[in-house]
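Content type mmCIF, C-alpha atoms and all ligand atoms, from the file data_12.cif:
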```cif
data_protein
loop_
_atom_site.label_atom_id
_atom_site.label_comp_id
_atom_site.auth_asym_id
_atom_site.auth_seq_id
_atom_site.Cartn_x
_atom_site.Cartn_y
_atom_site.Cartn_z
CA MET A 45 42.25 22.92 44.84
CA ARG A 46 42.71 20.21 42.28
CA LEU A 47 39.28 18.80 43.08
CA THR A 48 37.68 22.19 42.79
CA LEU A 49 39.28 22.69 39.40
CA LEU A 50 38.07 19.29 38.28
CA GLY A 51 34.61 20.12 39.56
CA LEU A 52 34.64 23.38 37.68
CA ALA A 53 35.76 21.62 34.52
CA MET A 54 32.95 19.10 34.84
CA LEU A 55 30.43 21.83 35.44
CA LEU A 56 31.68 23.62 32.35
CA LEU A 57 31.48 20.43 30.31
CA ALA A 58 27.96 19.74 31.53
CA SER A 59 26.83 23.23 30.67
CA CYS A 60 28.35 22.90 27.19
CA GLN A 61 26.58 19.60 26.63
CA GLN A 62 23.22 20.90 27.72
CA PRO A 63 22.35 22.83 24.58
CA ALA A 64 23.58 19.99 22.39
CA ALA A 65 21.30 17.56 24.19
CA GLU A 66 18.42 19.96 23.78
CA GLN A 67 19.20 20.33 20.10
CA ALA A 68 19.21 16.57 19.62
CA ALA A 69 15.81 16.38 21.25
CA ALA A 70 14.44 19.20 19.12
CA PRO A 71 13.52 17.19 15.97
CA ALA A 72 11.53 14.68 18.04
CA ALA A 73 9.55 17.55 19.49
CA LYS A 74 8.84 18.87 15.96
CA LYS A 75 5.20 19.83 15.68
CA ARG A 76 3.22 17.12 13.96
CA PRO A 77 1.33 18.31 10.88
CA ALA A 78 -2.46 18.63 11.18
CA TYR A 79 -2.73 15.67 8.81
CA ALA A 80 -0.68 13.53 6.48
CA ILE A 81 -1.71 11.19 3.68
CA ALA A 82 0.17 8.98 1.23
CA ILE A 83 -1.01 6.78 -1.64
CA HIS A 84 0.40 4.22 -4.04
CA GLY A 85 -0.89 2.85 -7.32
CA GLY A 86 1.45 -0.12 -7.54
CA ALA A 87 5.14 -0.82 -8.05
CA GLY A 88 7.09 -2.79 -10.63
CA THR A 89 8.77 -2.41 -13.99
CA ILE A 90 7.74 1.17 -14.54
CA ARG A 91 10.38 3.16 -16.44
CA ALA A 92 10.04 6.53 -18.08
CA ALA A 93 10.63 4.83 -21.44
CA ASP A 94 7.63 2.53 -20.89
CA LEU A 95 5.03 5.29 -20.63
CA THR A 96 4.01 7.74 -23.31
CA ALA A 97 3.80 11.39 -22.29
CA GLU A 98 -0.01 11.04 -22.26
CA GLN A 99 0.08 7.95 -20.02
CA ASP A 100 2.56 9.62 -17.69
CA ALA A 101 0.31 12.65 -17.42
CA ALA A 102 -2.81 10.52 -16.90
CA TYR A 103 -1.23 8.61 -14.01
CA ARG A 104 0.02 11.79 -12.36
CA ALA A 105 -3.38 13.44 -12.72
CA ALA A 106 -5.14 10.40 -11.22
CA LEU A 107 -2.72 10.27 -8.28
CA ASP A 108 -3.14 13.98 -7.69
CA SER A 109 -6.94 13.74 -7.78
CA ALA A 110 -6.86 10.82 -5.36
CA LEU A 111 -4.72 12.80 -2.93
CA GLN A 112 -7.05 15.77 -3.17
CA ILE A 113 -9.99 13.59 -2.19
CA GLY A 114 -8.27 12.32 0.93
CA GLU A 115 -6.86 15.73 1.77
CA LYS A 116 -10.27 17.34 1.62
CA VAL A 117 -11.58 14.93 4.23
CA LEU A 118 -8.58 15.45 6.51
CA GLN A 119 -8.45 19.22 6.07
CA GLY A 120 -12.03 19.46 7.21
CA GLY A 121 -11.17 17.57 10.39
CA GLY A 122 -12.56 14.30 9.02
CA ALA A 123 -11.42 10.88 10.17
CA ALA A 124 -8.52 9.01 8.58
CA ILE A 125 -10.81 6.02 8.01
CA ASP A 126 -13.02 8.14 5.72
CA ALA A 127 -10.04 9.68 3.94
CA VAL A 128 -8.57 6.25 3.24
CA GLU A 129 -11.83 4.71 2.08
CA GLN A 130 -12.79 7.59 -0.21
CA THR A 131 -9.32 7.85 -1.73
CA ILE A 132 -9.19 4.14 -2.46
CA ARG A 133 -12.72 4.14 -3.91
CA PHE A 134 -11.55 6.72 -6.44
CA LEU A 135 -8.51 4.62 -7.35
CA GLU A 136 -10.70 1.51 -7.62
CA ASP A 137 -12.89 3.33 -10.14
CA SER A 138 -9.91 4.34 -12.27
CA PRO A 139 -9.08 1.82 -15.01
CA LEU A 140 -5.42 2.85 -14.75
CA PHE A 141 -4.86 0.81 -11.62
CA ASN A 142 -5.08 -2.87 -10.80
CA ALA A 143 -7.94 -2.55 -8.33
CA GLY A 144 -11.69 -2.43 -8.90
CA ARG A 145 -12.26 -1.48 -12.56
CA GLY A 146 -9.03 -2.25 -14.41
CA ALA A 147 -8.10 -5.22 -12.22
CA VAL A 148 -5.90 -7.91 -13.72
CA PHE A 149 -7.31 -11.25 -14.88
CA THR A 150 -6.91 -14.65 -13.30
CA HIS A 151 -5.78 -17.63 -15.35
CA GLU A 152 -9.46 -18.48 -15.86
CA GLY A 153 -10.17 -15.00 -17.22
CA ARG A 154 -11.94 -13.61 -14.16
CA ASN A 155 -11.34 -10.56 -11.96
CA GLU A 156 -10.96 -11.58 -8.31
CA LEU A 157 -10.56 -8.63 -5.98
CA ASP A 158 -8.96 -8.40 -2.54
CA ALA A 159 -8.89 -5.51 -0.06
CA SER A 160 -8.27 -4.67 3.56
CA ILE A 161 -8.40 -1.76 5.97
CA MET A 162 -7.08 -1.26 9.51
CA GLN A 163 -7.37 1.40 12.22
CA GLY A 164 -4.43 2.14 14.47
CA LYS A 165 -6.45 3.41 17.41
CA ASP A 166 -7.90 0.03 18.38
CA LEU A 167 -6.32 -2.38 15.87
CA SER A 168 -9.74 -3.05 14.36
CA ALA A 169 -9.49 -4.45 10.84
CA GLY A 170 -11.54 -5.84 7.97
CA ALA A 171 -10.60 -7.74 4.83
CA VAL A 172 -12.19 -9.39 1.82
CA ALA A 173 -10.76 -11.74 -0.80
CA GLY A 174 -11.91 -13.18 -4.09
CA LEU A 175 -14.74 -10.71 -4.78
CA THR A 176 -16.12 -10.71 -8.32
CA VAL A 177 -19.17 -8.43 -8.18
CA VAL A 178 -18.54 -5.77 -5.52
CA ARG A 179 -17.71 -2.42 -7.11
CA HIS A 180 -15.69 -1.11 -4.17
CA PRO A 181 -13.85 -3.89 -2.34
CA ILE A 182 -12.43 -1.35 0.14
CA ALA A 183 -15.99 -0.50 1.24
CA ALA A 184 -16.63 -4.20 1.76
CA ALA A 185 -13.47 -4.46 3.88
CA ARG A 186 -14.65 -1.54 6.00
CA ALA A 187 -18.08 -3.10 6.40
CA VAL A 188 -16.47 -6.33 7.61
CA MET A 189 -14.53 -4.29 10.17
CA GLU A 190 -17.49 -2.25 11.38
CA GLN A 191 -20.46 -4.52 10.89
CA SER A 192 -19.30 -8.08 11.40
CA PRO A 193 -17.65 -9.98 14.24
CA HIS A 194 -14.97 -11.20 11.80
CA VAL A 195 -11.81 -9.82 10.24
CA MET A 196 -11.70 -11.60 6.87
CA LEU A 197 -14.43 -12.86 4.54
CA THR A 198 -13.86 -14.59 1.21
CA GLY A 199 -15.65 -15.47 -2.02
CA GLN A 200 -19.38 -15.95 -2.19
CA GLY A 201 -19.87 -15.46 1.54
CA ALA A 202 -18.14 -12.10 1.37
CA GLU A 203 -20.33 -11.13 -1.59
CA GLN A 204 -23.48 -12.16 0.23
CA PHE A 205 -22.37 -10.04 3.20
CA ALA A 206 -21.71 -7.06 0.89
CA ARG A 207 -25.19 -7.43 -0.61
CA GLU A 208 -26.78 -7.59 2.82
CA LYS A 209 -24.97 -4.42 3.84
CA GLY A 210 -26.27 -2.61 0.76
CA LEU A 211 -22.94 -2.17 -1.03
CA GLU A 212 -22.97 -1.55 -4.77
CA ILE A 213 -23.04 -4.76 -6.79
CA VAL A 214 -21.98 -4.81 -10.47
CA ASP A 215 -21.82 -7.33 -13.28
CA PRO A 216 -18.37 -8.97 -13.44
CA SER A 217 -17.89 -7.43 -16.89
CA TYR A 218 -17.71 -4.00 -15.21
CA PHE A 219 -14.10 -4.76 -14.24
CA PHE A 220 -12.98 -5.64 -17.80
CA THR A 221 -10.32 -3.60 -19.57
CA GLN A 222 -8.78 -4.61 -22.88
CA GLN A 223 -5.28 -3.82 -21.68
CA ARG A 224 -5.46 -6.27 -18.75
CA TRP A 225 -7.08 -8.90 -20.97
CA ASP A 226 -4.21 -8.61 -23.44
CA ALA A 227 -1.72 -8.88 -20.58
CA LEU A 228 -3.31 -12.18 -19.55
CA GLN A 229 -3.02 -13.52 -23.09
CA ARG A 230 0.68 -12.59 -23.15
CA ALA A 231 1.26 -14.17 -19.75
CA LYS A 232 -0.44 -17.39 -20.84
CA ALA A 233 1.50 -17.54 -24.09
CA GLU A 234 4.72 -17.03 -22.20
CA GLU A 235 3.78 -19.62 -19.62
CA ALA A 236 3.31 -22.14 -22.37
CA THR A 237 6.85 -21.61 -23.59
CA ARG A 238 8.86 -21.42 -20.37
CA LEU A 239 9.07 -22.98 -16.98
CA ASP A 240 7.94 -20.98 -14.02
CA HIS A 241 11.28 -19.87 -12.60
CA ASP A 242 9.91 -18.38 -9.42
CA GLY A 243 10.08 -21.64 -7.51
CA PRO A 244 7.34 -23.31 -5.53
CA GLN A 245 6.54 -20.29 -3.35
CA GLY A 246 6.49 -17.77 -6.18
CA SER A 247 3.39 -17.16 -8.21
CA ARG A 248 3.41 -17.21 -11.98
CA ARG A 249 4.85 -13.90 -12.96
CA PRO A 250 3.46 -12.01 -15.90
CA SER A 251 5.88 -11.26 -18.71
CA ARG A 252 8.49 -8.63 -17.98
CA ALA A 253 6.62 -5.92 -19.85
CA ASP A 254 3.53 -6.60 -17.75
CA TYR A 255 5.43 -6.93 -14.53
CA LYS A 256 3.75 -4.05 -12.83
CA PHE A 257 1.88 -4.36 -9.60
CA GLY A 258 -1.01 -1.96 -9.92
CA THR A 259 -2.45 -2.45 -6.47
CA VAL A 260 -3.63 0.74 -4.78
CA GLY A 261 -3.18 1.80 -1.18
CA CYS A 262 -3.60 4.73 1.14
CA VAL A 263 -2.32 5.58 4.62
CA ALA A 264 -3.43 8.59 6.63
CA LEU A 265 -2.97 10.43 9.90
CA ASP A 266 -5.88 12.64 10.95
CA ARG A 267 -6.11 15.65 13.27
CA ALA A 268 -7.12 13.40 16.16
CA GLY A 269 -3.85 11.49 15.75
CA ASN A 270 -5.42 8.32 14.35
CA LEU A 271 -3.54 6.25 11.80
CA VAL A 272 -5.35 4.17 9.16
CA ALA A 273 -4.09 1.97 6.30
CA GLY A 274 -6.00 0.44 3.39
CA THR A 275 -5.07 -1.62 0.33
CA SER A 276 -7.08 -2.88 -2.66
CA THR A 277 -6.01 -5.07 -5.58
CA GLY A 278 -6.88 -7.42 -8.40
CA GLY A 279 -3.82 -9.47 -7.40
CA MET A 280 -1.40 -10.78 -10.00
CA THR A 281 -2.06 -11.46 -13.68
CA ASN A 282 -2.62 -15.15 -14.41
CA LYS A 283 -3.11 -16.09 -10.75
CA ARG A 284 -4.79 -19.48 -10.27
CA TRP A 285 -6.68 -21.63 -7.85
CA ASN A 286 -8.30 -18.69 -6.02
CA ARG A 287 -4.86 -17.43 -5.11
CA VAL A 288 -4.92 -14.64 -2.52
CA GLY A 289 -2.01 -12.23 -2.16
CA ASP A 290 -0.84 -9.99 0.66
CA ALA A 291 -3.24 -7.07 0.10
CA PRO A 292 -6.08 -8.50 2.25
CA VAL A 293 -3.74 -10.09 4.78
CA ILE A 294 -3.51 -7.92 7.89
CA GLY A 295 0.15 -7.66 8.88
CA ALA A 296 1.36 -8.46 5.36
CA GLY A 297 -0.09 -5.92 2.90
CA THR A 298 -1.77 -3.65 5.44
CA TYR A 299 -1.15 -2.69 9.05
CA ALA A 300 -1.86 0.26 11.37
CA ASN A 301 -1.07 0.97 14.99
CA ASN A 302 -1.29 4.44 16.55
CA GLU A 303 1.83 3.63 18.60
CA THR A 304 3.94 3.25 15.46
CA CYS A 305 2.68 3.69 11.91
CA ALA A 306 0.23 2.84 9.12
CA VAL A 307 1.54 0.81 6.16
CA SER A 308 0.17 -0.27 2.76
CA CYS A 309 2.22 -2.50 0.45
CA THR A 310 2.42 -3.38 -3.22
CA GLY A 311 4.54 -6.03 -4.86
CA HIS A 312 4.97 -9.77 -5.20
CA GLY A 313 2.45 -10.86 -2.58
CA GLU A 314 3.94 -14.26 -1.86
CA TYR A 315 7.01 -12.50 -0.44
CA PHE A 316 5.05 -9.82 1.40
CA ILE A 317 3.01 -12.50 3.17
CA ARG A 318 6.01 -14.56 4.23
CA TRP A 319 8.00 -11.55 5.39
CA ALA A 320 4.91 -10.11 7.17
CA VAL A 321 6.06 -6.82 5.69
CA ALA A 322 3.58 -4.25 7.00
CA HIS A 323 3.74 -5.57 10.56
CA ASP A 324 7.51 -5.92 10.37
CA VAL A 325 7.88 -2.19 9.74
CA SER A 326 5.74 -1.46 12.81
CA ALA A 327 7.62 -4.06 14.87
CA LEU A 328 11.03 -2.62 13.97
CA MET A 329 9.82 0.74 15.24
CA ALA A 330 8.28 -0.69 18.40
CA TYR A 331 10.93 -3.19 19.41
CA LYS A 332 14.09 -1.70 17.94
CA GLY A 333 13.21 1.98 18.19
CA LEU A 334 13.91 2.58 14.49
CA SER A 335 12.53 5.64 12.74
CA LEU A 336 9.77 5.06 10.18
CA GLU A 337 12.16 5.62 7.31
CA ALA A 338 14.83 3.28 8.69
CA ALA A 339 12.31 0.54 9.49
CA ALA A 340 10.62 0.65 6.08
CA GLY A 341 13.97 0.88 4.29
CA GLU A 342 15.34 -2.12 6.15
CA VAL A 343 12.36 -4.25 5.15
CA ILE A 344 12.01 -3.19 1.49
CA ASN A 345 15.62 -2.56 0.52
CA GLY A 346 17.18 -4.96 3.02
CA LYS A 347 15.27 -8.13 3.81
CA LEU A 348 12.93 -8.26 0.81
CA LYS A 349 15.49 -7.25 -1.76
CA ALA A 350 17.93 -9.88 -0.49
CA ALA A 351 15.17 -12.48 -0.79
CA GLY A 352 14.19 -11.41 -4.32
CA GLY A 353 10.82 -9.98 -3.30
CA GLU A 354 9.99 -7.07 -5.58
CA GLY A 355 7.78 -4.17 -4.52
CA GLY A 356 7.39 -1.24 -2.18
CA LEU A 357 5.22 0.39 0.44
CA ILE A 358 3.88 3.69 1.70
CA ALA A 359 3.83 4.51 5.40
CA VAL A 360 3.05 7.35 7.76
CA ASP A 361 3.92 7.48 11.44
CA ALA A 362 2.23 9.06 14.45
CA GLN A 363 4.31 12.25 13.96
CA GLY A 364 3.20 12.62 10.36
CA ASN A 365 6.49 11.48 8.82
CA ILE A 366 6.01 9.76 5.48
CA THR A 367 8.19 7.25 3.66
CA MET A 368 7.62 5.52 0.32
CA PRO A 369 10.49 3.06 -0.38
CA PHE A 370 10.47 0.57 -3.28
CA ASN A 371 13.03 -1.85 -4.68
CA SER A 372 11.49 -2.07 -8.16
CA GLU A 373 12.10 0.33 -11.01
CA GLY A 374 9.16 2.50 -10.19
CA MET A 375 6.13 2.97 -7.98
CA TYR A 376 3.11 5.17 -8.61
CA ARG A 377 2.98 7.20 -5.43
CA GLY A 378 2.24 10.51 -3.76
CA TYR A 379 1.70 12.26 -0.48
CA ALA A 380 0.19 15.40 0.96
CA LYS A 381 0.52 17.42 4.15
CA PRO A 382 -0.67 20.97 4.79
CA GLY A 383 0.93 23.09 2.07
CA GLU A 384 2.57 20.15 0.28
CA ARG A 385 1.35 17.75 -2.42
CA VAL A 386 3.75 15.55 -4.38
CA VAL A 387 3.27 12.76 -6.92
CA ALA A 388 5.98 10.60 -8.49
CA ILE A 389 6.37 7.50 -10.62
CA TYR A 390 9.99 6.60 -11.35
CA ARG A 391 13.16 6.89 -9.30
CA GLU A 392 13.07 10.67 -9.44
N1 LIG B 1 0.59 -7.36 -3.82
C1 LIG B 1 -0.41 -7.72 -4.79
C2 LIG B 1 -0.60 -9.19 -4.77
O1 LIG B 1 0.36 -9.92 -4.65
C3 LIG B 1 -0.06 -7.32 -6.17
C4 LIG B 1 0.27 -5.87 -6.33
O2 LIG B 1 0.82 -5.25 -5.45
O3 LIG B 1 -0.06 -5.35 -7.41
O4 LIG B 1 -1.71 -9.63 -4.93
#
```
As a first step, turn the structure in this file into structure tokens.
Ligand code: ASP
Amino acid sequence: MRLTLLGLAMLLLASCQQPAAEQAAAPAAKKRPAYAIAIHGGAGTIRAADLTAEQDAAYRAALDSALQIGEKVLQGGGAAIDAVEQTIRFLEDSPLFNAGRGAVFTHEGRNELDASIMQGKDLSAGAVAGLTVVRHPIAAARAVMEQSPHVMLTGQGAEQFAREKGLEIVDPSYFFTQQRWDALQRAKAEEATRLDHDGPQGSRRPSRADYKFGTVGCVALDRAGNLVAGTSTGGMTNKRWNRVGDAPVIGAGTYANNETCAVSCTGHGEYFIRWAVAHDVSALMAYKGLSLEAAAGEVINGKLKAAGGEGGLIAVDAQGNITMPFNSEGMYRGYAKPGERVVAIYRE
């Protein structure tokens, strides 16, 4: 009798737990959106007080237009690789961002551009570094991925490859903007009056007011379930000796894997390279079973923040979840899914 009662009690308990277990499983079974896309236009010292109302509006409009370009591709059933490339091309053409036209200047007064792109379906990737005459570095990165046996090309060789593939070549002066030139002069003047306090592994930081990372990036999930990430940058103001940051380094500034997520980073590249940030987010999901948000948060607001590495990232996972953490004061960013389009700059 006792046993029967116990059995009944256990049955009752099991039947009570059943719906709860089903409920817990429900969010994972949530229908993935037809597409998802996120972009960034750099992180850093970006406070509401630093931008005029006109500048604020101009950045928001540019971010919104960029999202619309990517969304149009994805809405029409296009591939994430095309959405990412086209979105980044637009951001490269905008002088507001530190990529393509509007890139920051090296110590020698040049614009040296880096970019990379990666597809999650087969882990194919392409990257370029130190370009001075290619209008759209992201297109060069894609060409490396699709039309060369290599992953990363640099300098003159990369430019020769871009020429051979028929990419648009411009005069180096095309990338000039007065604002970035002035920022270099300030950084040099400051450098002359203070020691570089970033230590041997840090690069020379621009002055506080110019401490904005204007790199651009885009991550997307298409209808077919493919994840793609791309990043493009002019690097850091006053960089020297053909310095290359994280943006063209697969696993650091850019990473995509259909099993986990697509990630594009912005921030102090020396840290993002050493902490293998983009891959670390994917690895935390794969090995530790963390959600996209938890994995990205742990890297940006945990590991990197503790180390003093400033910046942020955008990421989308295979279910269409999006996260955009940053540990700096602001990050130009935005995302879109069917029926939703959001842009933001500060901690809002
Ligand atoms: N991560 C880039 C670099 O270090 C800079 C940026 O994000 O603006 O080259």
List all protein, DNA and RNA residues that have at least one atom no more than 6 Å from any atom of ligand LIG 1 (chain B), counting all atoms listed in the file, and write them as a PyMOL selection string. chain A and resi 86+257-259+279-280+289-291+310-313
Padding 6 Å on each side, edges along x, y and z: where is the centre of the box around the listed atoms of region 256-268 of chain A, and how long are its edges in Å to one decimal? Output it as AutoDock Vina command-line options.
```
--center_x -1.7 --center_y 5.6 --center_z 1.7 --size_x 22.9 --size_y 32.0 --size_z 41.0
```
List every protein, DNA or RNA residue that has at least one atom no more than 12 Å from (-8.8, 12.6, 0.1) in the file's coordinates, counting all atoms listed in the file, and write the result as number ranges by chain. A: 79-83, 107-135, 262-266, 378-381, 385
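The residue set within 9 Å of Gln223 (chain A), counting all atoms listed in the file and dropping same-chain residues fewer than 5 places from it, reads Gly146, Val148 and Leu228 of chain A.
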Mind giving me the straight-line distance from CA of Arg284 (chain A) to CA of Leu157 (chain A) in Å, one decimal? 13.0 Å
Pairwise distance for CA of Val307 (chain A) and CA of Thr176 (chain A), rounded to one decimal in Å: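 For CA of Val307 (chain A) relative to CA of Thr176 (chain A), the distance reads 25.6 Å.
Counting only C-alpha atoms, the residue from A:Leu348, A:Ala338, A:Val293, A:Ala185 that sits nearest to His323 (chain A) is A:Val293.
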So, counting only C-alpha atoms, which residue among A:Thr277, A:Asn365, A:Ser335, A:Gln191 is closest to Ala159 (chain A)?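 Answer, going by the shortest atom-to-atom distance: A:Thr277.
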Kindly indicate which residue among A:Thr275, A:Ile213, A:Lys74, A:Gln204 lies nearest to Glu136 (chain A), using all atoms listed in the file for the distances.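 Under the stated criterion, the closest residue is A:Thr275.
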Have a look at CA of Asn286 (chain A) and CA of Ala231 (chain A) and let me know their distance in Å, one decimal.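 Separation of CA of Asn286 (chain A) and CA of Ala231 (chain A): 17.3 Å.
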Find the residue from A:Gly85, A:Gly346, A:Gly341, A:Gly261 that sits nearest to Ala306 (chain A); use all atoms listed in the file when measuring. A:Gly261
Each residue of region 103-145 of chain A lying at most 12 Å from region 149-154 of chain A should get a row with its shortest atom-to-atom pair and the distance in Å to one decimal, counting only C-alpha atoms; could you produce that, ordered by chain and increasing number, as a Markdown table?
```
| residue | atom | partner | partner_atom | distance |
| --- | --- | --- | --- | --- |
| A:Asn142 | CA | A:Phe149 | CA | 9.6 |
| A:Ala143 | CA | A:Phe149 | CA | 10.9 |
| A:Gly144 | CA | A:Phe149 | CA | 11.5 |
| A:Arg145 | CA | A:Phe149 | CA | 11.2 |
```
Excluding Leu211 (chain A) and residues on its chain fewer than 5 positions from it, collect all residues at most 10 Å away from it, counting all atoms listed in the file, and give them as a PyMOL selection string. chain A and resi 178-181+183-184+187+203+205-206
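Distances here use only C-alpha atoms; by that measure, the residue among A:Leu175, A:Cys309, A:Leu167, A:Ile366 closest to Gly278 (chain A) is A:Leu175.
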Could you rebuild region 189-206 of chain A with N, CA and C atoms and give me the result as a CSV table (one decimal), keeping the file's coordinate frame?
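result20.csv written:
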```csv
chain,number,residue,atom,x,y,z
A,189,MET,N,-15.1,-4.8,8.9
A,189,MET,CA,-14.5,-4.3,10.2
A,189,MET,C,-15.6,-3.7,11.1
A,190,GLU,N,-16.5,-3.0,10.5
A,190,GLU,CA,-17.5,-2.2,11.4
A,190,GLU,C,-18.8,-3.0,11.7
A,191,GLN,N,-19.1,-3.9,10.8
A,191,GLN,CA,-20.5,-4.5,10.9
A,191,GLN,C,-20.5,-6.0,11.0
A,192,SER,N,-19.3,-6.6,11.2
A,192,SER,CA,-19.3,-8.1,11.4
A,192,SER,C,-18.4,-8.4,12.6
A,193,PRO,N,-18.5,-9.6,13.1
A,193,PRO,CA,-17.6,-10.0,14.2
A,193,PRO,C,-16.3,-10.5,13.7
A,194,HIS,N,-16.2,-10.5,12.4
A,194,HIS,CA,-15.0,-11.2,11.8
A,194,HIS,C,-14.0,-10.2,11.2
A,195,VAL,N,-12.8,-10.7,10.9
A,195,VAL,CA,-11.8,-9.8,10.2
A,195,VAL,C,-11.7,-10.1,8.7
A,196,MET,N,-11.9,-11.3,8.3
A,196,MET,CA,-11.7,-11.6,6.9
A,196,MET,C,-12.8,-12.5,6.3
A,197,LEU,N,-13.4,-12.1,5.2
A,197,LEU,CA,-14.4,-12.9,4.5
A,197,LEU,C,-14.0,-13.1,3.1
A,198,THR,N,-14.3,-14.3,2.6
A,198,THR,CA,-13.9,-14.6,1.2
A,198,THR,C,-15.0,-15.0,0.3
A,199,GLY,N,-14.8,-14.9,-1.0
A,199,GLY,CA,-15.6,-15.5,-2.0
A,199,GLY,C,-17.1,-15.1,-1.9
A,200,GLN,N,-17.9,-16.2,-2.1
A,200,GLN,CA,-19.4,-16.0,-2.2
A,200,GLN,C,-20.0,-15.4,-0.9
A,201,GLY,N,-19.4,-15.9,0.2
A,201,GLY,CA,-19.9,-15.5,1.5
A,201,GLY,C,-19.6,-14.0,1.7
A,202,ALA,N,-18.5,-13.5,1.3
A,202,ALA,CA,-18.1,-12.1,1.4
A,202,ALA,C,-19.1,-11.3,0.5
A,203,GLU,N,-19.4,-11.8,-0.7
A,203,GLU,CA,-20.3,-11.1,-1.6
A,203,GLU,C,-21.8,-11.1,-1.0
A,204,GLN,N,-22.2,-12.2,-0.4
A,204,GLN,CA,-23.5,-12.2,0.2
A,204,GLN,C,-23.5,-11.1,1.3
A,205,PHE,N,-22.5,-11.0,2.1
A,205,PHE,CA,-22.4,-10.0,3.2
A,205,PHE,C,-22.5,-8.6,2.6
A,206,ALA,N,-21.7,-8.4,1.5
A,206,ALA,CA,-21.7,-7.1,0.9
A,206,ALA,C,-23.1,-6.7,0.4
```
